[in-house]
$ cat start04.txt   # compact mmCIF, C-alpha atoms
# COMPACT_ATOMS: atom_id res chain seq x y z
CA MET A 1061 -7.86 12.57 -27.42
CA THR A 1062 -4.26 11.40 -27.72
CA PRO A 1063 -4.02 8.05 -29.52
CA TYR A 1064 -2.36 5.43 -27.33
CA SER A 1065 0.51 3.55 -28.90
CA PRO A 1066 0.77 -0.24 -28.51
CA ASP A 1067 3.94 0.38 -26.49
CA ALA A 1068 2.07 2.63 -24.04
CA ARG A 1069 -0.71 0.09 -23.64
CA THR A 1070 1.77 -2.74 -23.09
CA LYS A 1071 3.69 -0.88 -20.41
CA ALA A 1072 0.50 0.24 -18.63
CA ASN A 1073 -0.82 -3.31 -18.65
CA PHE A 1074 2.48 -4.50 -17.20
CA VAL A 1075 2.00 -2.11 -14.27
CA ARG A 1076 -1.55 -3.40 -13.82
CA MET A 1077 -0.37 -7.02 -13.70
CA CYS A 1078 2.40 -6.18 -11.22
CA GLY A 1079 -0.10 -4.46 -8.94
CA GLU A 1080 -2.71 -7.19 -9.07
CA LEU A 1081 -0.16 -9.94 -8.48
CA ALA A 1082 1.37 -8.04 -5.55
CA CYS A 1083 -2.04 -7.73 -3.88
CA LEU A 1084 -2.94 -11.36 -4.47
CA LEU A 1085 0.35 -12.68 -3.09
CA GLU A 1086 0.33 -10.39 -0.07
CA VAL A 1087 -3.13 -11.47 1.11
CA SER A 1088 -2.32 -15.11 0.33
CA ALA A 1089 0.81 -15.17 2.50
CA SER A 1090 0.21 -17.54 5.40
CA PRO A 1091 0.28 -17.30 8.29
CA LYS A 1092 0.43 -13.50 8.35
CA PRO A 1093 -0.04 -12.81 12.08
CA GLY A 1094 -3.18 -10.86 12.91
CA ASN A 1095 -4.40 -10.39 9.34
CA VAL A 1096 -6.58 -12.17 6.82
CA HIS A 1097 -4.68 -14.82 4.86
CA ARG A 1098 -5.54 -17.84 2.77
CA PHE A 1099 -6.36 -20.00 5.79
CA SER A 1100 -7.99 -17.42 8.06
CA ASP A 1101 -10.79 -14.86 7.75
CA PHE A 1102 -12.28 -12.18 9.99
CA ALA A 1103 -15.96 -12.19 10.91
CA ASP A 1104 -16.55 -9.16 8.67
CA LEU A 1105 -13.90 -9.77 5.99
CA ARG A 1106 -12.99 -12.87 4.05
CA TYR A 1107 -9.94 -13.87 2.04
CA GLU A 1108 -12.07 -13.84 -1.10
CA ASP A 1109 -13.00 -10.18 -0.51
CA PHE A 1110 -9.33 -9.24 -0.79
CA LEU A 1111 -8.96 -11.26 -3.99
CA ALA A 1112 -11.92 -9.39 -5.46
CA SER A 1113 -10.54 -5.99 -4.47
CA SER A 1114 -7.17 -6.87 -5.98
CA VAL A 1115 -8.80 -7.34 -9.36
CA SER A 1116 -11.01 -4.24 -9.11
CA LEU A 1117 -7.90 -2.10 -8.51
CA GLY A 1118 -6.18 -3.23 -11.70
CA TYR A 1119 -8.13 -0.96 -14.06
CA TRP A 1120 -7.19 2.16 -12.10
CA LEU A 1121 -3.50 1.22 -11.90
CA GLU A 1122 -3.40 0.74 -15.67
CA SER A 1123 -5.11 4.10 -16.20
CA LEU A 1124 -2.62 5.91 -13.97
CA ALA A 1125 0.38 4.16 -15.53
CA LEU A 1126 -0.86 5.16 -18.97
CA LYS A 1127 -1.14 8.77 -17.88
CA GLY A 1128 2.35 8.60 -16.44
CA TYR A 1129 3.68 7.31 -19.74
CA LEU A 1130 1.95 10.13 -21.62
CA LEU A 1131 3.40 12.65 -19.16
CA SER A 1132 6.87 11.31 -19.90
CA CYS A 1133 6.28 11.85 -23.63
CA ASP A 1134 4.81 15.34 -23.12
CA GLN A 1135 1.50 14.12 -24.50
CA LEU A 1136 -0.39 14.93 -21.30
CA SER A 1137 -0.28 17.94 -19.00
CA TRP A 1138 0.02 17.54 -15.24
CA ASP A 1139 -3.35 19.18 -14.65
CA LYS A 1140 -4.95 16.28 -16.54
CA LEU A 1141 -3.44 13.61 -14.31
CA GLU A 1142 -6.25 13.82 -11.71
CA LEU A 1143 -4.52 11.52 -9.26
CA GLY A 1144 -6.90 12.27 -6.39
CA LEU A 1145 -10.00 11.70 -8.50
CA THR A 1146 -8.67 8.35 -9.66
CA ILE A 1147 -7.85 7.33 -6.09
CA ARG A 1148 -11.36 8.26 -5.00
CA SER A 1149 -12.85 6.27 -7.90
CA ALA A 1150 -10.70 3.25 -7.03
CA ILE A 1151 -11.79 3.46 -3.40
CA GLU A 1152 -15.46 3.69 -4.37
CA GLN A 1153 -15.13 0.68 -6.67
CA SER A 1154 -13.05 -1.39 -4.26
CA LYS A 1155 -16.18 -3.19 -3.04
CA PHE A 1156 -17.57 -3.76 -6.53
CA PHE A 1157 -17.32 -7.54 -6.17
CA HIS A 1158 -18.08 -7.90 -2.45
CA THR A 1159 -20.41 -6.42 0.14
CA ARG A 1160 -18.22 -6.29 3.24
CA GLY A 1161 -15.77 -3.75 4.69
CA ASN A 1162 -12.57 -1.97 3.70
CA THR A 1163 -10.02 -4.32 2.18
CA ASN A 1164 -7.44 -2.15 0.43
CA LEU A 1165 -7.64 1.57 1.26
CA GLY A 1166 -3.96 1.71 2.23
CA ILE A 1167 -2.94 -0.23 -0.85
CA ILE A 1168 -4.83 2.13 -3.13
CA LEU A 1169 -3.13 5.13 -1.52
CA LEU A 1170 0.32 3.56 -1.86
CA PHE A 1171 -0.04 1.99 -5.30
CA SER A 1172 -1.63 4.93 -7.14
CA PRO A 1173 1.32 7.36 -7.19
CA LEU A 1174 3.64 4.40 -7.75
CA ALA A 1175 1.66 3.47 -10.86
CA VAL A 1176 2.01 7.00 -12.27
CA ALA A 1177 5.72 6.97 -11.44
CA ALA A 1178 6.09 3.60 -13.17
CA GLY A 1179 4.56 5.08 -16.31
CA LEU A 1180 6.89 8.07 -16.06
CA SER A 1181 9.85 5.74 -15.62
CA ALA A 1182 9.06 3.40 -18.52
CA ASN A 1183 11.66 3.29 -21.27
CA GLU A 1184 12.85 0.88 -23.91
CA ASN A 1185 13.54 -1.79 -21.28
CA ASP A 1186 10.91 -4.22 -20.08
CA PHE A 1187 11.34 -3.30 -16.41
CA ILE A 1188 11.73 -0.16 -14.33
CA SER A 1189 14.71 0.78 -12.20
CA LEU A 1190 14.21 1.64 -8.55
CA GLU A 1191 16.63 4.55 -8.99
CA CYS A 1192 14.26 6.08 -11.53
CA LEU A 1193 10.98 5.07 -9.91
CA ILE A 1194 11.41 6.65 -6.47
CA PRO A 1195 12.40 10.17 -7.65
CA ASN A 1196 9.44 10.03 -10.01
CA VAL A 1197 6.99 9.10 -7.27
CA GLN A 1198 8.27 12.08 -5.28
CA LYS A 1199 7.75 14.22 -8.37
CA VAL A 1200 4.18 12.95 -8.70
CA MET A 1201 3.36 13.79 -5.09
CA ALA A 1202 4.94 17.23 -5.39
CA ARG A 1203 2.79 18.06 -8.43
CA THR A 1204 -0.52 17.24 -6.72
CA THR A 1205 -3.13 19.90 -5.97
CA VAL A 1206 -5.66 20.79 -3.33
CA GLN A 1207 -8.30 19.10 -5.48
CA ASP A 1208 -6.33 15.87 -5.20
CA SER A 1209 -6.43 16.25 -1.41
CA ILE A 1210 -10.17 16.83 -1.45
CA HIS A 1211 -10.87 13.83 -3.67
CA VAL A 1212 -8.68 11.51 -1.58
CA SER A 1213 -10.33 12.76 1.62
CA GLU A 1214 -13.75 12.16 0.07
CA GLY A 1215 -12.72 8.61 -0.77
CA ILE A 1216 -11.57 7.95 2.78
CA ALA A 1217 -14.78 9.46 4.15
CA PHE A 1218 -16.78 7.25 1.78
CA LEU A 1219 -15.30 4.10 3.32
CA SER A 1220 -15.33 5.39 6.92
CA PRO A 1221 -12.61 2.89 7.89
CA GLY A 1222 -12.12 1.96 11.52
CA GLY A 1223 -9.26 3.31 13.58
CA LEU A 1224 -8.94 6.72 11.95
CA GLY A 1225 -9.01 8.59 15.24
CA LYS A 1226 -9.53 12.35 15.53
CA VAL A 1227 -7.28 15.14 14.29
CA ALA A 1228 -7.40 18.90 14.74
CA LYS A 1229 -7.57 19.78 11.02
CA TYR A 1230 -8.66 18.09 7.80
CA ASP A 1231 -10.60 15.45 9.75
CA VAL A 1232 -12.70 13.48 7.23
CA THR A 1233 -15.22 12.64 9.96
CA ARG A 1234 -16.20 16.33 10.04
CA SER A 1235 -17.92 18.19 7.22
CA SER A 1236 -15.47 21.09 7.47
CA TYR A 1237 -12.49 19.27 5.92
CA ARG A 1238 -13.16 20.45 2.35
CA GLU A 1239 -13.31 24.10 3.34
CA GLU A 1240 -10.19 23.74 5.49
CA LEU A 1241 -8.23 22.17 2.66
CA LEU A 1242 -9.32 24.83 0.20
CA THR A 1243 -8.58 27.70 2.58
CA ASP A 1244 -5.08 26.41 3.27
CA ASN A 1245 -4.52 25.25 -0.34
CA VAL A 1246 -3.11 21.93 0.86
CA ASN A 1247 -1.96 19.57 -1.85
CA LEU A 1248 -1.79 15.79 -1.36
CA LEU A 1249 1.89 15.79 -0.44
CA GLN A 1250 1.27 18.40 2.25
CA LEU A 1251 -1.79 16.54 3.51
CA MET A 1252 0.19 13.32 3.84
CA SER A 1253 2.97 15.21 5.61
CA GLN A 1254 0.43 16.46 8.16
CA CYS A 1255 -0.26 12.89 9.29
CA SER A 1256 3.15 11.31 8.66
CA GLU A 1257 3.99 11.06 12.37
CA ARG A 1258 0.83 9.12 13.19
CA ASP A 1259 0.42 6.97 10.09
CA ASN A 1260 3.04 4.89 8.29
CA ILE A 1261 1.27 5.13 4.94
CA CYS A 1262 1.27 8.92 5.11
CA TYR A 1263 4.92 8.72 6.11
CA GLU A 1264 5.72 6.70 3.00
CA LEU A 1265 3.79 8.96 0.64
CA SER A 1266 5.36 12.14 1.98
CA ASN A 1267 8.95 10.85 2.13
CA GLY A 1268 9.53 8.74 -0.98
CA PHE A 1269 8.65 5.30 0.44
CA PRO A 1270 11.59 4.90 2.87
CA ILE A 1271 10.14 1.90 4.77
CA VAL A 1272 9.36 -0.03 1.61
CA VAL A 1273 12.60 0.85 -0.19
CA GLN A 1274 15.06 0.60 2.69
CA ILE A 1275 13.50 -2.22 4.73
CA GLY A 1276 10.82 -4.11 2.80
CA PHE A 1277 12.44 -4.38 -0.63
CA PRO A 1278 15.91 -5.61 0.41
CA THR A 1279 14.43 -7.98 3.00
CA PHE A 1280 12.06 -9.54 0.49
CA ARG A 1281 14.72 -9.91 -2.19
CA SER A 1282 17.23 -11.42 0.24
CA VAL A 1283 14.84 -14.00 1.72
CA LEU A 1284 13.43 -14.89 -1.70
CA GLU A 1285 16.93 -15.45 -3.08
CA SER A 1286 17.98 -17.66 -0.17
CA SER A 1287 14.73 -19.60 0.26
CA GLN A 1288 13.28 -19.61 -3.27
CA ASP A 1289 9.89 -19.37 -1.53
CA VAL A 1290 7.73 -16.30 -2.07
CA ASN A 1291 5.48 -17.13 0.88
CA LEU A 1292 8.39 -17.28 3.33
CA ALA A 1293 9.84 -14.09 1.87
CA THR A 1294 6.53 -12.28 2.25
CA ILE A 1295 6.04 -13.37 5.87
CA ASN A 1296 9.57 -12.42 6.88
CA THR A 1297 9.20 -9.05 5.18
CA TYR A 1298 5.99 -8.49 7.11
CA LEU A 1299 7.63 -9.40 10.42
CA THR A 1300 10.74 -7.32 9.68
CA ILE A 1301 8.76 -4.18 8.89
CA LEU A 1302 6.51 -4.78 11.90
CA SER A 1303 9.53 -5.24 14.18
CA LYS A 1304 11.04 -1.90 13.14
CA TYR A 1305 7.90 0.21 12.65
CA PRO A 1306 5.05 -0.30 15.15
CA ASP A 1307 1.83 -0.61 13.18
CA SER A 1308 -0.03 2.70 13.02
CA LEU A 1309 -3.47 1.05 12.86
CA ILE A 1310 -2.69 -0.74 16.13
CA LYS A 1311 -1.42 2.53 17.62
CA ARG A 1312 -4.66 4.36 16.85
CA LYS A 1313 -6.95 1.54 17.95
CA PHE A 1314 -5.14 0.20 21.00
CA GLY A 1315 -2.38 2.64 21.93
CA VAL A 1316 1.38 3.01 21.57
CA ASP A 1317 2.25 0.48 24.28
CA GLN A 1318 0.28 -2.28 22.59
CA ALA A 1319 1.80 -1.44 19.19
CA ASN A 1320 5.31 -1.51 20.67
CA ALA A 1321 4.66 -4.86 22.38
CA ILE A 1322 3.55 -6.37 19.06
CA SER A 1323 6.68 -5.03 17.35
CA GLN A 1324 8.87 -6.52 20.06
CA ARG A 1325 7.15 -9.88 19.58
CA ALA A 1326 7.82 -9.70 15.83
CA SER A 1327 11.46 -8.84 16.54
CA SER A 1328 11.88 -11.84 18.82
CA ILE A 1329 10.47 -14.13 16.13
CA MET A 1330 12.82 -12.72 13.50
CA ALA A 1331 15.73 -13.28 15.90
CA ILE A 1332 15.13 -17.04 15.55
CA GLY A 1333 14.79 -16.94 11.77
CA GLY A 1334 11.13 -16.09 11.31
CA ALA A 1335 9.36 -18.17 8.69
CA THR A 1336 12.59 -19.79 7.48
CA THR A 1337 13.07 -21.94 10.61
CA LEU A 1338 10.87 -24.53 12.27
CA GLU A 1339 11.05 -22.75 15.62
CA GLY A 1340 10.23 -19.45 13.96
CA ARG A 1341 7.21 -20.89 12.15
CA ARG A 1342 5.85 -22.32 15.40
CA GLU A 1343 6.16 -18.89 17.01
CA ILE A 1344 4.49 -17.22 14.03
CA GLU A 1345 1.49 -19.53 14.30
CA ALA A 1346 1.23 -18.84 18.03
CA PHE A 1347 1.59 -15.09 17.38
CA ASP A 1348 -1.24 -15.24 14.83
CA ILE A 1349 -3.54 -16.92 17.35
CA GLU A 1350 -2.61 -14.42 20.08
CA LEU A 1351 -3.41 -11.40 17.93
CA ARG A 1352 -6.77 -12.82 16.86
CA GLU A 1353 -7.77 -13.70 20.41
CA GLU A 1354 -6.84 -10.30 21.85
CA GLU A 1355 -9.49 -7.93 20.51
CA LYS A 1356 -8.69 -8.56 16.86
CA LEU A 1357 -5.27 -6.93 16.84
CA ASN A 1358 -4.61 -6.67 13.12
CA PRO A 1359 -1.46 -4.87 11.90
CA GLY A 1360 -3.20 -3.82 8.69
CA THR A 1361 -0.89 -0.93 7.83
CA THR A 1362 2.09 -3.28 7.83
CA ALA A 1363 0.30 -5.59 5.40
CA ASP A 1364 -0.22 -2.64 3.02
CA LEU A 1365 3.50 -1.83 3.16
CA VAL A 1366 4.30 -5.44 2.30
CA ALA A 1367 1.97 -5.24 -0.70
CA ALA A 1368 3.83 -2.12 -1.87
CA THR A 1369 7.11 -4.00 -1.44
CA LEU A 1370 5.85 -6.77 -3.71
CA PHE A 1371 4.65 -4.18 -6.22
CA LEU A 1372 8.19 -2.74 -6.40
CA HIS A 1373 9.64 -6.23 -6.72
CA PHE A 1374 7.63 -7.01 -9.82
CA LEU A 1375 7.92 -3.53 -11.36
CA THR A 1376 11.68 -3.83 -11.21
CA GLY A 1377 11.75 -7.21 -12.91
CA GLY A 1378 11.44 -9.56 -9.94
CA LYS A 1379 10.05 -13.07 -10.36
CA LEU A 1380 8.44 -15.58 -8.03
$ encode --input "start04.txt" --output "structure tokens"
Amino acid sequence: MTPYSPDARTKANFVRMCGELACLLEVSASPKPGNVHRFSDFADLRYEDFLASSVSLGYWLESLALKGYLLSCDQLSWDKLELGLTIRSAIEQSKFFHTRGNTNLGIILLFSPLAVAAGLSANENDFISLECLIPNVQKVMARTTVQDSIHVSEGIAFLSPGGLGKVAKYDVTRSSYREELLTDNVNLLQLMSQCSERDNICYELSNGFPIVVQIGFPTFRSVLESSQDVNLATINTYLTILSKYPDSLIKRKFGVDQANAISQRASSIMAIGGATTLEGRREIEAFDIELREEEKLNPGTTADLVAATLFLHFLTGGKL
């Protein structure tokens, strides 16, 4: 076993803290229309469940960051990374502290390769540059294997989250997905590419996080700088992403027209300043009530993308 240097441990723990804080702040942002936040729960999911899952994820992020650091020092081979197995383990442990439903599947999928990439990108500086991080996350995805795909699919099947829908191949609701993946030798990057048109998280993982990097990150930084309020910055980032990318969970559950209507509503709110204006805040509160009243319309994928935005913010040296 390779001995871990204090420097490696420190950097891996930094990644863990960034990930946990990003999750905690994202779920705490209020009001986040249609989703659980600090002042509003669902019947089957509570705010506290998300807090618990944020903490349970930390161990796995630290483990992946440490492996990324060892990869960068040539002290670990790529076949020992086991990204998919770690993702599956994180998914299985996500409900360690609560007994209700899925709280952070999308976050686990997004954060895991980012944690490895953060370890790969660590150097003598305290923080990580975005210019280094994103190419490394693409490298991580490209080096995945069919076993990573199988483990991730097993994790998703374990949770059986709502709104998955049906697909022609590699459908985790059918027992044939393992054999199909093995026969086609589909690695995790290829698997995510298969569903990139129907799922924004798959789109991010297969394309180097374009929504988070090009929309979420600059929006969050800009609003935070002007408002000095992390809650306002988080809400406006959520609304901005939602306005430009109809939520894929809404699409699968309620159809494209409903998803587009929700995006248009978010766009109209941002046109009057979003959370940074009194009129915008009134509209946000009304929007939150509307989404909850209408069949529990929760743009959960968008919330996951906001969490990833916050993760990047802290990894690259951002403060509250």
$ residues_around --input "start04.txt" --residues "Arg1238 of chain A" --least-positions-apart "2" --cutoff "10 Å" --atoms "all atoms listed in the file" --output "PDB file with C-alpha atoms, in the frame of the given file"
ATOM      1  CA  VAL A1206      -5.660  20.790  -3.330  1.00  0.00           C
ATOM      2  CA  GLN A1207      -8.300  19.100  -5.480  1.00  0.00           C
ATOM      3  CA  SER A1209      -6.430  16.250  -1.410  1.00  0.00           C
ATOM      4  CA  ILE A1210     -10.170  16.830  -1.450  1.00  0.00           C
ATOM      5  CA  HIS A1211     -10.870  13.830  -3.670  1.00  0.00           C
ATOM      6  CA  SER A1213     -10.330  12.760   1.620  1.00  0.00           C
ATOM      7  CA  GLU A1214     -13.750  12.160   0.070  1.00  0.00           C
ATOM      8  CA  TYR A1230      -8.660  18.090   7.800  1.00  0.00           C
ATOM      9  CA  ASP A1231     -10.600  15.450   9.750  1.00  0.00           C
ATOM     10  CA  VAL A1232     -12.700  13.480   7.230  1.00  0.00           C
ATOM     11  CA  ARG A1234     -16.200  16.330  10.040  1.00  0.00           C
ATOM     12  CA  SER A1235     -17.920  18.190   7.220  1.00  0.00           C
ATOM     13  CA  SER A1236     -15.470  21.090   7.470  1.00  0.00           C
ATOM     14  CA  GLU A1240     -10.190  23.740   5.490  1.00  0.00           C
ATOM     15  CA  LEU A1241      -8.230  22.170   2.660  1.00  0.00           C
ATOM     16  CA  LEU A1242      -9.320  24.830   0.200  1.00  0.00           C
ATOM     17  CA  THR A1243      -8.580  27.700   2.580  1.00  0.00           C
TER      18      THR A1243
END
$ closest_residue --input "start04.txt" --among "A:Ile1275, A:Ile1167, A:Ala1326, A:Ile1147" --to "Ala1082 of chain A" --atoms "all atoms listed in the file"
A:Ile1167
$ closest_residue --input "start04.txt" --among "A:Leu1248, A:Leu1380, A:Leu1085, A:Val1227" --to "Val1366 of chain A" --atoms "all atoms listed in the file"
A:Leu1085
$ closest_residue --input "start04.txt" --among "A:Thr1369, A:Ser1132, A:Thr1204, A:Arg1258" --to "Gly1315 of chain A" --atoms "all atoms listed in the file"
A:Arg1258
$ atom_distance --input "start04.txt" --atom1 "atom CA of Lys1071 of chain A" --atom2 "atom CA of Ser1181 of chain A"
10.2 Å
$ residues_near_point --input "start04.txt" --point "(2.3, -6.5, 3.9)" --cutoff "7 Å" --atoms "only C-alpha atoms" --output "list in words"
Glu1086, Tyr1298, Thr1362, Ala1363, Asp1364, Leu1365, Val1366 and Ala1367 of chain A
$ residues_around --input "start04.txt" --residues "Thr1336 of chain A" --least-positions-apart "5" --cutoff "9 Å" --atoms "only C-alpha atoms" --output "PDB file with C-alpha atoms, in the frame of the given file"
ATOM      1  CA  VAL A1283      14.840 -14.000   1.720  1.00  0.00           C
ATOM      2  CA  SER A1287      14.730 -19.600   0.260  1.00  0.00           C
ATOM      3  CA  LEU A1292       8.390 -17.280   3.330  1.00  0.00           C
ATOM      4  CA  ALA A1293       9.840 -14.090   1.870  1.00  0.00           C
ATOM      5  CA  ASN A1296       9.570 -12.420   6.880  1.00  0.00           C
ATOM      6  CA  ARG A1341       7.210 -20.890  12.150  1.00  0.00           C
TER       7      ARG A1341
END
$ residues_around --input "start04.txt" --residues "Ala1182 of chain A" --least-positions-apart "6" --cutoff "12 Å" --atoms "all atoms listed in the file" --output "VMD selection string"
chain A and resid 1067 to 1075 1125 to 1133 1175 to 1176 1188 to 1190 1192 to 1193 1196 1375 to 1376
$ residues_near_point --input "start04.txt" --point "(-10.6, -6.2, 4.2)" --cutoff "9 Å" --atoms "only C-alpha atoms" --output "list in words"
Val1096, Phe1102, Asp1104, Leu1105, Arg1106, Tyr1107, Asp1109, Phe1110, Ser1113, Arg1160, Gly1161, Asn1162, Thr1163, Asn1164, Leu1165 and Gly1360 of chain A
$ atom_distance --input "start04.txt" --atom1 "atom CA of Asp1244 of chain A" --atom2 "atom CA of Tyr1263 of chain A"
20.5 Å
$ closest_residue --input "start04.txt" --among "A:Gln1198, A:Asn1260, A:Ser1220, A:Gln1135" --to "Ile1151 of chain A" --atoms "all atoms listed in the file"
A:Ser1220
$ closest_residue --input "start04.txt" --among "A:Leu1141, A:Ile1295, A:Val1197, A:Leu1309" --to "Gly1340 of chain A" --atoms "only C-alpha atoms"
A:Ile1295
$ atom_distance --input "start04.txt" --atom1 "atom CA of Lys1379 of chain A" --atom2 "atom CA of Phe1171 of chain A"
18.8 Å
